[in-house]
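J.: Sending over a structure as structure tokens; questions will come in a sec.
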Amino acid sequence: MIFMKPLKNMNESNNMNPNFFSNIYNMLLKLANIFKNSDNKKRLKMFLDMLLLLIITCIFKIPFIFIRDIGDNCIRIFFNNNLNTLMLWGLIIELLYIIVALAFFLRTLRKWVDGLE
């Protein structure tokens with residue numbers, strides 16, 4: 001942690017932020033510094049908050065599972081168990097879940113880290 005320095009954000013005015021990973025890195029570095037400089041009670045609260053955020057993100061998968069199952073049933077009825085279509089449908093739903101869950105997790109984490117200061 002001694003050698004880690006925040007990365008500079010070069011194009012903040014651009015809507016397509018090319019520094020997405022540097023923003024995540026800076027956020028995690030900020031979180032680590034706050035965690036390092038706090039007492040045990042605050043660390044426990046931060047850990048429980050992170051655990052709660054992770055649990056909520058996992059609970060978001062339940063609607064995607066229902067949608068995938070409904071789609072699987074429709075594909076079985078209309079396409080006579082076409083395995084390629086079933087695999088493609090499952091892949092699309094899983095990728096959609098990953099994108100939504102990651103966006104939710106990072107946005108909530110960023111707001112939470114900004115509120116810790």
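Labels for the structure tokens follow display order: chains A, B, ..., residues from 1 in each chain, ligands from 1.
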Quick one: residues within 8 Å of range 89-92 of chain A, only C-alpha atoms, excluding same-chain residues fewer than 3 positions away - as a PyMOL selection string?

T.: chain A and resi 68+71-72+85-86+95-96

J.: What gap, in Å, lies between CA of Arg43 in chain A and CA of Phe20 in chain A?

T.: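 Between these atoms lies a distance of 26.8 Å.
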
J.: Give me, please, the distance in Å between CA of Lys61 in chain A and CA of Met46 in chain A, quoted to one decimal.

T.: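 Atom-to-atom, CA of Lys61 in chain A and CA of Met46 in chain A are spaced 23.7 Å apart.
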
J.: Would you give me, as a tab-separated table, each residue of range 25-69 of chain A having an atom within 12 Å of an atom of range 105-113 of chain A, along with its shortest atom pair and that distance in Å to one decimal, using only C-alpha atoms and sorting by chain and residue number?

T.:
```
residue	atom	partner	partner_atom	distance
A:Tyr25	CA	A:Arg110	CA	11.2
A:Asn26	CA	A:Arg110	CA	10.3
A:Met27	CA	A:Arg110	CA	6.8
A:Leu28	CA	A:Val113	CA	8.7
A:Leu29	CA	A:Val113	CA	10.3
A:Lys30	CA	A:Val113	CA	7.6
A:Leu31	CA	A:Val113	CA	6.2
A:Ala32	CA	A:Val113	CA	10.0
A:Asn33	CA	A:Val113	CA	10.8
A:Ile34	CA	A:Val113	CA	8.8
A:Phe35	CA	A:Val113	CA	10.4
A:Met46	CA	A:Trp112	CA	9.6
A:Asp49	CA	A:Trp112	CA	9.1
A:Met50	CA	A:Leu109	CA	8.2
A:Leu51	CA	A:Leu109	CA	11.5
A:Leu52	CA	A:Phe105	CA	11.0
A:Leu53	CA	A:Phe105	CA	7.2
A:Leu54	CA	A:Phe105	CA	7.7
A:Ile55	CA	A:Phe105	CA	10.5
A:Ile56	CA	A:Phe105	CA	9.0
A:Thr57	CA	A:Phe105	CA	6.7
A:Cys58	CA	A:Phe105	CA	10.1
A:Phe60	CA	A:Phe105	CA	10.7
```

J.: Please, what distance in Å, to one decimal, runs between CA of Lys41 in chain A and CA of Ile24 in chain A?

T.: 25.6 Å

J.: When DSSP works through the backbone of this structure, what residues of chain A end up as helix (DSSP H, G or I), shown as a PyMOL selection string?

T.: chain A and resi 20-36+40-59+61-79+83-116

J.: Looking at only C-alpha atoms, which of A:Leu48, A:Leu116, A:Ile93, A:Ile98 is the one that sits closest to Ile70 in chain A?

T.: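 Closest to Ile70 in chain A of all the choices is A:Ile93.
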